[in-house]
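**Q** Below: one structure in structure tokens.
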Amino acid sequence: MIRLRVNGKERTMDGPATVQELLHDLKLHPATVVVELNEEILDRERLSEVRVKDGDQLELVHFVGGG
Amino acid sequence: MIRLRVNGKERTMDGPATVQELLHDLKLHPATVVVELNEEILDRERLSEVRVKDGDQLELVHFVGGG
Amino acid sequence: MIRLRVNGKERTMDGPATVQELLHDLKLHPATVVVELNEEILDRERLSEVRVKDGDQLELVHFVGGG
Amino acid sequence: MIRLRVNGKERTMDGPATVQELLHDLKLHPATVVVELNEEILDRERLSEVRVKDGDQLELVHFVGGG
Amino acid sequence: MSEASQGAEAPTDPGLTVAGRTFRSRLMVGTGKYADNATMIRAIEASGAEVVTVAVRRVDLDRTKEEGVLYHLDPERFFLLPNTAGCYTAKEAIRYARLGRAAGMTDFVKLEVIGDENTLLPDLHATLEAARILVDEGFKVMAYTTDDLVTALRLEDAGCVAVMPLASPIGSGLGLVNPFYIREIKRRLQVPVIVDAGVGTASDACVTMEQGVDGLLMNTAIAAARDPISMGRAMRLATEAGRLAFLAGRMPSREMAVPSSPTTGMLD
Amino acid sequence: MSEASQGAEAPTDPGLTVAGRTFRSRLMVGTGKYADNATMIRAIEASGAEVVTVAVRRVDLDRTKEEGVLYHLDPERFFLLPNTAGCYTAKEAIRYARLGRAAGMTDFVKLEVIGDENTLLPDLHATLEAARILVDEGFKVMAYTTDDLVTALRLEDAGCVAVMPLASPIGSGLGLVNPFYIREIKRRLQVPVIVDAGVGTASDACVTMEQGVDGLLMNTAIAAARDPISMGRAMRLATEAGRLAFLAGRMPSREMAVPSSPTTGMLD
Amino acid sequence: MSEASQGAEAPTDPGLTVAGRTFRSRLMVGTGKYADNATMIRAIEASGAEVVTVAVRRVDLDRTKEEGVLYHLDPERFFLLPNTAGCYTAKEAIRYARLGRAAGMTDFVKLEVIGDENTLLPDLHATLEAARILVDEGFKVMAYTTDDLVTALRLEDAGCVAVMPLASPIGSGLGLVNPFYIREIKRRLQVPVIVDAGVGTASDACVTMEQGVDGLLMNTAIAAARDPISMGRAMRLATEAGRLAFLAGRMPSREMAVPSSPTTGMLD
Amino acid sequence: MSEASQGAEAPTDPGLTVAGRTFRSRLMVGTGKYADNATMIRAIEASGAEVVTVAVRRVDLDRTKEEGVLYHLDPERFFLLPNTAGCYTAKEAIRYARLGRAAGMTDFVKLEVIGDENTLLPDLHATLEAARILVDEGFKVMAYTTDDLVTALRLEDAGCVAVMPLASPIGSGLGLVNPFYIREIKRRLQVPVIVDAGVGTASDACVTMEQGVDGLLMNTAIAAARDPISMGRAMRLATEAGRLAFLAGRMPSREMAVPSSPTTGMLD
């Protein structure tokens, strides 16, 4: 089982998975978020290749209203 | 009996009297007030001569704090 | 001969005349000016009736730029 | 002969001398100036020991009116 | 009126009504001090103003000066408001008002009785006296005055159809020196309050309208700008902007800062 | 843009160009603090702004909050400018700038490094440090700063494409507190000077543009108005008015009065 | 008077002369609104004022209120100036002026005719009417008025011995809202100009005196301060400072900077 | 100090303490730009200042200029504070600071690093860098800076013994342009805040002290007045007045008026 930290919250996944699959689980469309994996930004193209490992830190961000 | 209006309030005196006597009744020192009798200012000298009549209007004024 | 004062300047006319004629001499169109005769405003209708007399004071005014 | 630069101006002295002697030549009282020799501040005590060498840069400064 | 402002004003702004007569624009302009009439016309058009003030003066019999302003302003498009500028007594002002009525065929008059030559500040006492007489004669008096509240109230009582306090002296361009008094005058009067004189640039017009007054009258700020046509347009936009901002209700101002971006959702 | 302002701007105002990209409107607006997205959209449309700022924040995985602002702003119509609001160090700001670039597919970033929580005033030292690094990384940095001239000059030297001094603290609505410094900054810089933060109402926008600056950015003044849509429109008109007035060249202001009606041609 | 100011005033300031009577201090104070008489006395002493204003009111026959102010102010030290505060018509003000003369055995009166209850702004028309009558009756009228130049000139013509324009409404503490008008009034009048009402703190007193006016009258600013005694002293110093600064002739202000230390004699 | 102010300050004002050294007067003055030394001395004496700033410059070996200022200022009476005026880099400022220490036998230095020749505004970045180094060398650094809060906080963190924000540019005489920032800096710092530069006349000094700051430093306002001696005295009184008014706690200001005479006890 894999332990991740996603947007500051602990999250477990049973078995390995790509970031794309994680987003899918979270019902997030890849086009609408930016993924930072362990403080490195992931290109959208690579979301389906890169696999999350135990202990990974992910930040899933997007634009919100701001001044 | 004499009916007066002194500083906006009805006041009666039994029998005639000078303004000076009225002030004395009111425990006012003549030197500390100005007397207006029926809208005419009374000189201090005349306070002991002038007698109040029924229906007279008197205003007894002095200095108070003001800007 | 008639002596007039028109807009502050002496002016003479040989023989009697209506205000209308005076305006005509001055090349002024009645519609574009207001005539004050001896401090009384003349209605346009009356310009052709009223005759100027010796010593008359006339002011011929119109609108100019102002704030 | 020694070539110095004092307060930005070339100055020559025939023969070696202490800073104190230089000040004396310039009619400056040691107590009233601060001496910087080649960008190092000289303690007043040492003015009579230290000797100027050819090529030395001296700045003689004091307080002036300022805001 | 501009599409932008139509869009904006349409729902909110019925325009300015004085003595039953409604004007689309809240900006009124004078016709004095322009380099030439062509510039005047274009600047006034750019300003969007309908009400333009004019003065009554002698015809120049020597024809050295150009003809009257009437030749240049289409009475179909512009409402000519005669003023009594240059008068120093009630008697004189009344005489000019009558001539203005005869020349303009309107009962509206901008009453001005000057009390001091250096500052051109009004004589409030003579103004009030003249206002009472002119109202009796059936004039619709729009009274030029200072920012003195009590005189403004008296002018309203006297039957003036509008009260026109100054922002600062005529031609000074100092802008709105005392917003408190203007705001109080507006709060207290029923008739339209139209600020007259003192505006120097667009922001002066904007901040004055933000006090809630009904309108503005200006002349020099446009006529004496380097480019009167652009300034005319600037004044039109600034007047609309100030009115809209007043109606929109500004944010409270505070010395403390408040973030405009969320303080939550930050990364670790 | 309104007919009025088209007419006005057409000949005079080529619009605002930042790093080779030209924007028709000189007004930029934020997207924060609106009651709802519908109001935000309408207010922004009313403001005529093309550039709208957005913040980078975590996706709310619990879906309690509404989705990102991107769903509501047509990228064809609006240029989304990511900011680094909420960052307190150069390192943090750089991280958010990179995320903004990835999210917005643009090199433009509004760099903000806050130095104090109470006033939200920028940390000029960290801002300059971050600006240098981001410029090296190919960002087009628009730097939020105070009205400090020397820092503004340094930010220009560092390669920022625009310098954005504040009029007064974020969300304060105090308006342009120090026109001297803003004017001096504009006088001295080559890159566009866009005043950011502090505007409270339309006249603040107007007077700020009259200083000659190239543009304005605001958020709270519109979002926190009682009627944000009308205020959005007011800000659009006020920004145009201030720009036009600056270009038109205002009359000189003087303490002495000057008549606007002729002093000659008076009656006897 | 303080040693400092003695030293300063001695050569320069003969003090303030009204109708032939000279007062050492240019600061006059009211006696209203104090928590208690002890505080009032100490605050007035700290202010250095010689002229103190008093109001005329009915004696309280029920003795619930304390006795008149006369008990507390040494007539040897202070000149009691009766006012007509609270009067709304010329007739009423004249009546109070006469009572004040009888009570104070002085012809001096501070004439006040209020025209509006909310703002306590004067009725300029009734004030002028009352001033003319009181001057005829031999009063030395010091007339409270607005900052309206023309009324100030009329009051001087009417024979007032001093004109007392307000800085801002009574008790408002807004300070000197319109320095232009006050300066112009001072420029044009021969009689002393004493600014009355509106001062809120020491700098208001200072900046008002810097306009060149002859004196100041205040009440609330001292009485309603947290510490009236210290504020009284502050007002005394501020009034002296403002007068001295006016006489000293301030440096010109300019947007450009000018170094105060030498630019020559720098090191290599 | 004047009797008046002694009386006033005695109970309330312990004077100004910087790095353990207490000064009776909160006013510090510069020694530049005087017509002659005699005037300088008398003006400084009139100002009551104990701390006077001096610059470090080359001795004039041609003796065309007068001798150093030390000849004219009694070190028993005045505390000479060396400045680094005219320096444009941290390195240069440090060099001058060391020379000032050697000349004045004091560790106190007024650190000034200018960032722009036209405005003489400080380089906040170089100032902070120099401050850190000088503090390490044991200097008691009083840092001249802008009204930027964050830099002020950093200077305090760096170990400066006083922070000296400007009111407006050196020699401009524009007065306190941004009271908000100065007030906030005072609120937030532990070390004394002494406003330096920009004061033009007495009311500027008074209003600045009313913000609660610990002291003032000025030069041109006194030296460039028509009568520097009277202005020196005016500044002394204005500084005391502003301090006292701050401590006394001013009345609240309000737009509504409040009568200062009783509204009861009026006649029928």
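We name chains A, B, ... following the order of the structure tokens; residues begin at 1 in each chain, and ligands are numbered from 1 as shown.
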Could you list, as a PyMOL selection string, every residue of chain G that has an atom within 10 Å of an atom of chain B, counting only C-alpha atoms?
**A** chain G and resi 28-34+37+40+52-62+66-71+80-86+95-96+98-104+110+170-171+196-197+217-220
**Q** With C-alpha atoms retained, export the selected residues as a compact mmCIF listing (two decimals), in the first residue's frame.
**A**
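Result written to out-v5.txt:
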```txt
# COMPACT_ATOMS: atom_id res chain seq x y z
CA MET G 28 -8.91 82.98 23.14
CA VAL G 29 -10.81 80.12 24.73
CA GLY G 30 -14.35 79.19 25.62
CA THR G 31 -15.51 77.99 29.01
CA GLY G 32 -18.09 75.40 27.95
CA LYS G 33 -18.22 71.63 28.10
CA TYR G 34 -15.67 71.03 30.85
CA ASN G 37 -14.69 73.95 36.95
CA MET G 40 -11.60 74.35 33.27
CA VAL G 52 -12.42 83.79 27.68
CA THR G 53 -15.91 83.63 26.25
CA VAL G 54 -18.99 83.11 28.38
CA ALA G 55 -22.66 82.58 27.59
CA VAL G 56 -25.68 84.32 29.09
CA ARG G 57 -28.25 81.98 30.60
CA ARG G 58 -30.98 81.98 33.19
CA VAL G 59 -29.97 81.54 36.80
CA ASP G 60 -31.05 78.08 37.89
CA LEU G 61 -33.52 78.90 40.64
CA ASP G 62 -33.62 75.30 41.84
CA GLU G 66 -23.56 74.92 39.92
CA GLU G 67 -23.39 78.69 40.11
CA GLY G 68 -22.26 80.95 37.31
CA VAL G 69 -18.80 80.82 35.86
CA LEU G 70 -17.97 84.22 37.33
CA TYR G 71 -17.28 82.57 40.66
CA LEU G 80 -14.77 87.83 29.96
CA LEU G 81 -16.22 88.11 26.47
CA PRO G 82 -20.00 87.54 26.42
CA ASN G 83 -21.32 85.65 23.42
CA THR G 84 -24.81 85.32 21.95
CA ALA G 85 -24.52 81.59 21.40
CA GLY G 86 -27.80 79.80 20.90
CA ARG G 95 -31.36 90.88 23.49
CA TYR G 96 -28.60 88.54 24.68
CA ARG G 98 -27.57 93.66 25.95
CA LEU G 99 -27.85 91.23 28.85
CA GLY G 100 -24.20 90.30 28.37
CA ARG G 101 -23.22 93.95 28.49
CA ALA G 102 -25.16 94.44 31.71
CA ALA G 103 -23.65 91.30 33.27
CA GLY G 104 -20.09 91.87 32.12
CA LYS G 110 -19.03 87.97 20.39
CA ILE G 170 -18.39 74.34 15.93
CA GLY G 171 -17.31 71.21 17.77
CA ASP G 196 -13.25 80.80 15.65
CA ALA G 197 -14.40 77.18 15.83
CA LEU G 217 -10.74 81.12 19.51
CA MET G 218 -11.44 77.55 20.54
CA ASN G 219 -13.33 75.62 23.18
CA THR G 220 -14.12 71.97 22.43
```
**Q** Hey, list the chain H side of the contact with chain E: 12 Å cut-off, only C-alpha atoms, answer as a list of chain:residue names.
**A**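 My answer is H:Asn178, H:Pro179, H:Phe180, H:Tyr181, H:Arg183, H:Glu184, H:Arg254, H:Glu255, H:Met256, H:Ala257.
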**Q** Let's have the selection written as an mmCIF file, in the first residue's frame, with N, CA, C and O atoms.
**A**
```
data_model
loop_
_atom_site.group_PDB
_atom_site.id
_atom_site.type_symbol
_atom_site.label_atom_id
_atom_site.label_comp_id
_atom_site.auth_asym_id
_atom_site.auth_seq_id
_atom_site.Cartn_x
_atom_site.Cartn_y
_atom_site.Cartn_z
ATOM 1 N N ASN H 178 2.627 61.248 3.990
ATOM 2 C CA ASN H 178 1.926 59.999 4.265
ATOM 3 C C ASN H 178 1.890 59.666 5.761
ATOM 4 O O ASN H 178 2.678 58.858 6.248
ATOM 5 N N PRO H 179 0.957 60.267 6.483
ATOM 6 C CA PRO H 179 0.879 60.016 7.926
ATOM 7 C C PRO H 179 0.556 58.561 8.268
ATOM 8 O O PRO H 179 0.992 58.052 9.292
ATOM 9 N N PHE H 180 -0.148 57.871 7.391
ATOM 10 C CA PHE H 180 -0.536 56.485 7.667
ATOM 11 C C PHE H 180 0.699 55.622 7.881
ATOM 12 O O PHE H 180 0.805 54.876 8.852
ATOM 13 N N TYR H 181 1.645 55.737 6.958
ATOM 14 C CA TYR H 181 2.835 54.886 7.030
ATOM 15 C C TYR H 181 3.673 55.222 8.262
ATOM 16 O O TYR H 181 4.169 54.343 8.956
ATOM 17 N N ARG H 183 2.674 56.522 11.049
ATOM 18 C CA ARG H 183 1.958 56.050 12.237
ATOM 19 C C ARG H 183 2.145 54.545 12.393
ATOM 20 O O ARG H 183 2.395 54.054 13.489
ATOM 21 N N GLU H 184 2.046 53.828 11.284
ATOM 22 C CA GLU H 184 2.180 52.376 11.337
ATOM 23 C C GLU H 184 3.608 51.994 11.752
ATOM 24 O O GLU H 184 3.802 51.096 12.569
ATOM 25 N N ARG H 254 -15.693 65.086 13.933
ATOM 26 C CA ARG H 254 -16.947 64.582 13.362
ATOM 27 C C ARG H 254 -17.495 65.622 12.393
ATOM 28 O O ARG H 254 -17.197 66.806 12.529
ATOM 29 N N GLU H 255 -18.279 65.142 11.426
ATOM 30 C CA GLU H 255 -18.826 66.092 10.454
ATOM 31 C C GLU H 255 -19.960 66.905 11.063
ATOM 32 O O GLU H 255 -20.226 68.021 10.667
ATOM 33 N N MET H 256 -20.629 66.320 12.054
ATOM 34 C CA MET H 256 -21.730 67.025 12.712
ATOM 35 C C MET H 256 -21.169 68.058 13.678
ATOM 36 O O MET H 256 -20.104 67.869 14.247
ATOM 37 N N ALA H 257 -21.872 69.128 13.864
ATOM 38 C CA ALA H 257 -21.449 70.148 14.824
ATOM 39 C C ALA H 257 -22.019 69.829 16.200
ATOM 40 O O ALA H 257 -23.011 69.124 16.326
#
```
**Q** Might you pull out every residue within 9 Å of F:Glu50, with only C-alpha atoms counted and same-chain residues fewer than 3 positions away left off, and present them as a PyMOL selection string?
**A** chain F and resi 23-29+44-45+47+77-80
**Q** Could you write out that same residue set with N, CA and C atoms as a PDB file, in the first residue's frame?
**A**
```
ATOM      1  N   PHE F  23      -2.706  46.082 -24.772  1.00  0.00           N
ATOM      2  CA  PHE F  23      -4.053  45.954 -24.218  1.00  0.00           C
ATOM      3  C   PHE F  23      -4.808  47.255 -24.472  1.00  0.00           C
ATOM      4  N   ARG F  24      -6.061  47.101 -24.911  1.00  0.00           N
ATOM      5  CA  ARG F  24      -6.861  48.266 -25.266  1.00  0.00           C
ATOM      6  C   ARG F  24      -7.143  49.109 -24.021  1.00  0.00           C
ATOM      7  N   SER F  25      -7.455  48.422 -22.939  1.00  0.00           N
ATOM      8  CA  SER F  25      -7.838  49.132 -21.717  1.00  0.00           C
ATOM      9  C   SER F  25      -6.647  49.273 -20.790  1.00  0.00           C
ATOM     10  N   ARG F  26      -6.570  50.421 -20.120  1.00  0.00           N
ATOM     11  CA  ARG F  26      -5.491  50.653 -19.158  1.00  0.00           C
ATOM     12  C   ARG F  26      -5.878  50.202 -17.754  1.00  0.00           C
ATOM     13  N   LEU F  27      -7.064  49.644 -17.644  1.00  0.00           N
ATOM     14  CA  LEU F  27      -7.552  49.173 -16.350  1.00  0.00           C
ATOM     15  C   LEU F  27      -7.444  47.657 -16.264  1.00  0.00           C
ATOM     16  N   MET F  28      -6.785  47.186 -15.244  1.00  0.00           N
ATOM     17  CA  MET F  28      -6.689  45.753 -14.981  1.00  0.00           C
ATOM     18  C   MET F  28      -7.418  45.488 -13.672  1.00  0.00           C
ATOM     19  N   VAL F  29      -8.069  44.323 -13.582  1.00  0.00           N
ATOM     20  CA  VAL F  29      -8.841  44.061 -12.362  1.00  0.00           C
ATOM     21  C   VAL F  29      -8.544  42.681 -11.794  1.00  0.00           C
ATOM     22  N   ILE F  44     -16.579  42.695 -14.139  1.00  0.00           N
ATOM     23  CA  ILE F  44     -15.356  42.763 -14.953  1.00  0.00           C
ATOM     24  C   ILE F  44     -15.700  43.225 -16.360  1.00  0.00           C
ATOM     25  N   GLU F  45     -16.798  42.706 -16.908  1.00  0.00           N
ATOM     26  CA  GLU F  45     -17.214  43.165 -18.238  1.00  0.00           C
ATOM     27  C   GLU F  45     -17.502  44.664 -18.214  1.00  0.00           C
ATOM     28  N   SER F  47     -16.214  46.812 -16.399  1.00  0.00           N
ATOM     29  CA  SER F  47     -14.974  47.574 -16.207  1.00  0.00           C
ATOM     30  C   SER F  47     -14.181  47.721 -17.502  1.00  0.00           C
ATOM     31  N   ARG F  77     -11.376  36.257 -24.316  1.00  0.00           N
ATOM     32  CA  ARG F  77     -11.677  37.676 -24.042  1.00  0.00           C
ATOM     33  C   ARG F  77     -10.746  38.282 -23.017  1.00  0.00           C
ATOM     34  N   PHE F  78     -10.294  37.459 -22.070  1.00  0.00           N
ATOM     35  CA  PHE F  78      -9.526  37.999 -20.953  1.00  0.00           C
ATOM     36  C   PHE F  78      -8.142  37.395 -20.898  1.00  0.00           C
ATOM     37  N   PHE F  79      -7.188  38.246 -20.580  1.00  0.00           N
ATOM     38  CA  PHE F  79      -5.827  37.766 -20.379  1.00  0.00           C
ATOM     39  C   PHE F  79      -5.637  37.503 -18.889  1.00  0.00           C
ATOM     40  N   LEU F  80      -5.457  36.221 -18.531  1.00  0.00           N
ATOM     41  CA  LEU F  80      -5.311  35.857 -17.119  1.00  0.00           C
ATOM     42  C   LEU F  80      -3.870  36.067 -16.667  1.00  0.00           C
TER      43      LEU F  80
END
```
**Q** Excluding same-chain residues fewer than 3 positions from H:Gly20, what lies within 12 Å of it counting only C-alpha atoms, as an NGL selection string?
**A** :H and (15-17 or 23 or 108 or 140 or 161-162 or 191-192)
**Q** What residues in stretch 42-152 of chain G get the DSSP label strand (DSSP E or B)? Please answer as a VMD selection string.
**A** chain G and resid 51 to 58 79 to 83 108 to 111 114 122 140 to 145
**Q** If you run DSSP over the backbone, which residues in chain B end up alpha helix (DSSP H)? Put them as a list in words.
**A** Val19, Gln20, Glu21, Leu22, Leu23, His24 and Asp25 of chain B
**Q** Could you tell me how far atom CA of H:Ala241 lies from atom CA of G:Ala238, in Å and to one decimal?
**A** 5.4 Å
**Q** Identify, on the basis of only C-alpha atoms, every residue whose closest approach to stretch 124-127 of chain F does not exceed 9 Å; exclude the query and any residue fewer than 5 positions from it along the same chain; express the result as a list in words.
**A**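 Final neighbour list, sorted by chain and number: Tyr88, Thr89, Ala90, Lys91, Ala93, Leu111, Glu112, Val113, Ile114, Gly115, Arg132, Ala143, Tyr144, Thr145, Thr146, Asp148, Thr151 and Leu155 of chain F; Leu124, His125, Asp148, Val150 and Thr151 of chain H.
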**Q** Name all residues at most 9 Å from A:Arg3 (count only C-alpha atoms; drop same-chain ones fewer than 4 positions away) and give them as a list in words.
**A**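 The contact residues come out as Glu10, Arg11, Thr12, Met13, Asp14, Lys53, Asp54, Gly55 and Asp56 of chain A.
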**Q** Rounded to one decimal, what separation in Å do you get between atom CA of H:Arg42 and atom CA of H:Ser230?
**A**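 Result for atom CA of H:Arg42 versus atom CA of H:Ser230: 9.5 Å, one decimal.
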**Q** Atom CA of E:Gly200 to atom CA of E:Leu120: how many Å, to one decimal?
**A**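 The value is 16.4 Å.
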**Q** What lies within 9 Å of D:Ser48 using only C-alpha atoms, ignoring chain neighbours under 5 positions off, as a list in words?
**A**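 Near neighbours after the sequence-gap exclusion: Thr18, Val19, Gln20 and Glu21 of chain D.
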